[in-house]
Amino acid sequence: MPKQFLKFPENFLWGASTSSHQVEGNNHNNWSVWEKGNANRLAKIAESRYSYFDNWGEFKDQAKNPSNYISGIACDHYNKYEEDFDLINKLGMNSHRLSFEWSRIEPEPGKFNETEIHHYKKVIKALMKRNIEPMVTLWHWTFPLWVSDMGGWMNAKTIEYFNRYVQTIVAVFPEVKYWITLNEAEVFARESYLIGRWPPQTKNRLKYFTIVNNLAAAHVQAYEHIKSVNSEVQVGVANNNTYFEPVKNRWYNKIAGRILSIWGNHYFLGRVAFHLDFIGLNYYFHNPVNLGREDHVKCQYSDLRWEVCDYGIYHVLKDISMYKKPIYITEHGVADAKDYLRESFIKGTLSHIYKAMVEGVDVRGYLHWSLLDNFEWDHGFWPRFGLVEVDYKTQERKIRYSAWKYADIIKNGGFEYEI
Ligand code: BGC
């Protein structure tokens, strides 16, 4: 196959993403409380859930240990952010997506903690000093305890309180040009209110839809407020869109895939579409739709047993281009402790992003998930998503080989690829 140099635009954002609860350490929110109450249970189910993985031997000791499920000091990024931003510089990235932790900023209703706001001021300054463009998520799944106590997004009052927090923050961070109001609204609603794996572990279809609708309303209000303060800043959401691939192009798989996509990919996005300056796309999944249970070619699997399929992003991008908004890939990555798959997944995915761009899709950046190995929610610490490996005992950081390969792509503004 012929090789071609895939050249990305000069002003393309290249970066990596994190979220506060997953990296900072010492958070006190609804997740940190839930972790403590559920660590033993999660350790017990890990064995039965994953024992059929070929590579489970590498992880099972960690996964069987309840301490794996307690975020604790995580990556101690709260204290080590300068060091971590130096790594971003070393890898040549020009942007970074991070989140502000609502529970730190407003630990009690209406009482904003000036010390924590000052902390995030220093964090943003540290990025800017290094010429790294911050993209800030205002809510990445965790609540202050007083919000979860009143029912989280089930309570419509949360929309109002979230907006009070947003207004306070936006007023003191005029230097931030990219705001992401909410991370993966639908995933949160599904995991917490439909499947019931995450706090508050509810399984109720009606509540699931209430949550998605309340999140959409919260975004719309936040969007309107942020834009009224400064119409220049860019406001979006980060949405997790999946490629539902119809196996063997069977008509029934196509119909089922379309229905799943309308629900999973578009229900929330459609509600906020008129209040977006950009779409943040979090892409991980490829879900074959196979009603006839036919044999079909599978992609490789990550350590979490997710199917790692690079071409899915092309279909997802073409699909969301109908909203006619600029798109930033705000997350894309793989749990890959041995770093076997990451480089090829990045390159393969970028090649499909490139293909969509050539066909007119307006993609403006790629931010890999994640900068660091981190706390992977109800899986705890064993899945390794980082471009940078973290030794949780010593808090030492080590740049992975694939990260250097990503750095080469950034340095050259693209890469040679067989297409
Ligand atoms: C979330 C991250 C998470 C990543 C990998 C995304 O859906 O936004 O918080 O760590 O997926 O599971």
# chains A, B, ... in the order shown; residues from 1 in each chain; ligands from 1
call {"tool": "residues_near_ligand", "arguments": {"ligand": "ligand 1", "cutoff": "9 Å", "atoms": "only C-alpha atoms and all ligand atoms", "output": "PyMOL selection string"}}
result
chain A and resi 17-19+21-22+140-141+183-184+187-188+238-240+282-284+330-335+369-370+374-377+383+385
call {"tool": "residues_around", "arguments": {"residues": "Ala407 (chain A)", "least_positions_apart": "4", "cutoff": "9 Å", "atoms": "only C-alpha atoms", "output": "JSON, numbers by chain"}}
result
{"A": [90, 91, 92, 93, 402, 403, 411, 412]}
call {"tool": "write_last_selection", "arguments": {"atoms": "N, CA, C and O atoms", "output": "PDB file, in the first residue's frame"}}
result
ATOM      1  N   LYS A  90       7.513  18.652  27.320  1.00  0.00           N
ATOM      2  CA  LYS A  90       8.513  17.730  26.763  1.00  0.00           C
ATOM      3  C   LYS A  90       7.978  17.010  25.540  1.00  0.00           C
ATOM      4  O   LYS A  90       8.703  16.736  24.587  1.00  0.00           O
ATOM      5  N   LEU A  91       6.679  16.693  25.591  1.00  0.00           N
ATOM      6  CA  LEU A  91       6.070  15.953  24.486  1.00  0.00           C
ATOM      7  C   LEU A  91       5.591  16.891  23.373  1.00  0.00           C
ATOM      8  O   LEU A  91       5.062  16.443  22.361  1.00  0.00           O
ATOM      9  N   GLY A  92       5.761  18.172  23.585  1.00  0.00           N
ATOM     10  CA  GLY A  92       5.488  19.150  22.521  1.00  0.00           C
ATOM     11  C   GLY A  92       4.019  19.484  22.312  1.00  0.00           C
ATOM     12  O   GLY A  92       3.660  20.081  21.298  1.00  0.00           O
ATOM     13  N   MET A  93       3.160  19.097  23.259  1.00  0.00           N
ATOM     14  CA  MET A  93       1.728  19.377  23.058  1.00  0.00           C
ATOM     15  C   MET A  93       1.449  20.862  23.268  1.00  0.00           C
ATOM     16  O   MET A  93       2.142  21.528  24.036  1.00  0.00           O
ATOM     17  N   SER A 402       5.054   4.979  23.411  1.00  0.00           N
ATOM     18  CA  SER A 402       4.013   5.475  22.487  1.00  0.00           C
ATOM     19  C   SER A 402       3.857   6.993  22.589  1.00  0.00           C
ATOM     20  O   SER A 402       3.507   7.657  21.616  1.00  0.00           O
ATOM     21  N   ALA A 403       4.132   7.529  23.778  1.00  0.00           N
ATOM     22  CA  ALA A 403       4.007   8.982  23.953  1.00  0.00           C
ATOM     23  C   ALA A 403       5.081   9.695  23.140  1.00  0.00           C
ATOM     24  O   ALA A 403       4.824  10.757  22.534  1.00  0.00           O
ATOM     25  N   LYS A 411       5.461  17.074  16.571  1.00  0.00           N
ATOM     26  CA  LYS A 411       6.612  17.858  16.086  1.00  0.00           C
ATOM     27  C   LYS A 411       6.565  18.029  14.564  1.00  0.00           C
ATOM     28  O   LYS A 411       6.817  19.104  14.035  1.00  0.00           O
ATOM     29  N   ASN A 412       6.183  16.954  13.880  1.00  0.00           N
ATOM     30  CA  ASN A 412       6.177  17.005  12.406  1.00  0.00           C
ATOM     31  C   ASN A 412       4.854  17.495  11.823  1.00  0.00           C
ATOM     32  O   ASN A 412       4.706  17.568  10.605  1.00  0.00           O
TER      33      ASN A 412
END
call {"tool": "closest_residue", "arguments": {"among": "A:Gly257, A:Gly365, A:Pro174, A:Gly386", "to": "Ile327 (chain A)", "atoms": "only C-alpha atoms"}}
result
A:Gly365
call {"tool": "select_by_dssp", "arguments": {"residues": "region 11-76 of chain A", "states": "helix (DSSP H, G or I)", "output": "ChimeraX atom specification"}}
result
/A:20-23,30-50,56-58,60-63,66-69
call {"tool": "residues_around", "arguments": {"residues": "Val229 (chain A)", "least_positions_apart": "4", "cutoff": "9 Å", "atoms": "only C-alpha atoms", "output": "PDB file with N, CA and C atoms, in the first residue's frame"}}
result
ATOM      1  N   VAL A 170     -16.541  31.295  35.952  1.00  0.00           N
ATOM      2  CA  VAL A 170     -16.274  31.975  34.685  1.00  0.00           C
ATOM      3  C   VAL A 170     -15.855  33.435  34.931  1.00  0.00           C
ATOM      4  N   ALA A 171     -16.435  34.021  35.976  1.00  0.00           N
ATOM      5  CA  ALA A 171     -16.085  35.419  36.281  1.00  0.00           C
ATOM      6  C   ALA A 171     -14.617  35.579  36.661  1.00  0.00           C
ATOM      7  N   GLU A 224     -25.577  29.835  27.889  1.00  0.00           N
ATOM      8  CA  GLU A 224     -26.093  31.201  27.712  1.00  0.00           C
ATOM      9  C   GLU A 224     -25.369  32.174  28.629  1.00  0.00           C
ATOM     10  N   HIS A 225     -25.128  31.733  29.850  1.00  0.00           N
ATOM     11  CA  HIS A 225     -24.443  32.636  30.774  1.00  0.00           C
ATOM     12  C   HIS A 225     -22.998  32.915  30.313  1.00  0.00           C
TER      13      HIS A 225
END
call {"tool": "residues_around", "arguments": {"residues": "region 68-81 of chain A", "least_positions_apart": "3", "cutoff": "7 Å", "atoms": "only C-alpha atoms", "output": "NGL selection string"}}
result
:A and (22-26 or 32 or 35-36 or 39 or 62-63 or 65 or 84-85 or 374-375 or 378-381 or 392 or 395)
call {"tool": "closest_residue", "arguments": {"among": "A:Pro144, A:Gly236, A:Gly264, A:Gly292", "to": "Glu101 (chain A)", "atoms": "only C-alpha atoms"}}
result
A:Pro144
call {"tool": "residues_around", "arguments": {"residues": "Thr115 (chain A)", "least_positions_apart": "6", "cutoff": "10 Å", "atoms": "only C-alpha atoms", "output": "ChimeraX atom specification"}}
result
/A:104-105,121
call {"tool": "write_last_selection", "arguments": {"atoms": "N, CA and C atoms", "output": "compact mmCIF listing (two decimals), in the first residue's frame"}}
result
# COMPACT_ATOMS: atom_id res chain seq x y z
N ARG A 104 -14.34 20.85 45.59
CA ARG A 104 -13.29 21.66 46.24
C ARG A 104 -13.71 23.13 46.27
N ILE A 105 -14.29 23.56 45.14
CA ILE A 105 -14.58 24.98 44.96
C ILE A 105 -15.78 25.42 45.80
N LYS A 121 -6.30 28.88 39.80
CA LYS A 121 -5.69 30.03 39.13
C LYS A 121 -4.22 29.71 38.82
call {"tool": "residues_around", "arguments": {"residues": "Leu260 (chain A)", "least_positions_apart": "3", "cutoff": "12 Å", "atoms": "only C-alpha atoms", "output": "list in words"}}
result
Asn241, Thr242, Tyr243, Phe244, Glu245, Pro246, Asn253, Lys254, Ile255, Ala256, Gly257, Trp263, Gly264, Asn265, His266, Tyr267, Asn287, Pro288 and Val289 of chain A
call {"tool": "residues_around", "arguments": {"residues": "region 301-303 of chain A", "least_positions_apart": "3", "cutoff": "10 Å", "atoms": "only C-alpha atoms", "output": "list of chain:residue names"}}
result
A:Phe53, A:Asp54, A:Asn55, A:Trp56, A:Glu58, A:Phe59, A:Lys298, A:Trp306, A:Glu307, A:Val308, A:Cys309, A:Gly333, A:Val334, A:Ala335, A:Asp336, A:Ala337, A:Lys338, A:Tyr340, A:Leu341, A:Arg342, A:Trp382, A:Pro383, A:Arg384, A:Phe385
call {"tool": "closest_residue", "arguments": {"among": "A:Gln4, A:Glu133, A:Arg271, A:Trp31", "to": "Ser192 (chain A)", "atoms": "only C-alpha atoms"}}
result
A:Trp31
call {"tool": "closest_residue", "arguments": {"among": "A:Gln201, A:Ser99, A:Asn27, A:Asn213", "to": "Trp179 (chain A)", "atoms": "only C-alpha atoms"}}
result
A:Ser99
call {"tool": "closest_residue", "arguments": {"among": "A:Glu83, A:Glu47, A:Glu416, A:Glu10", "to": "Leu372 (chain A)", "atoms": "only C-alpha atoms"}}
result
A:Glu83
call {"tool": "closest_residue", "arguments": {"among": "A:Glu108, A:Glu82, A:Glu160, A:Glu191", "to": "Ile124 (chain A)", "atoms": "only C-alpha atoms"}}
result
A:Glu82
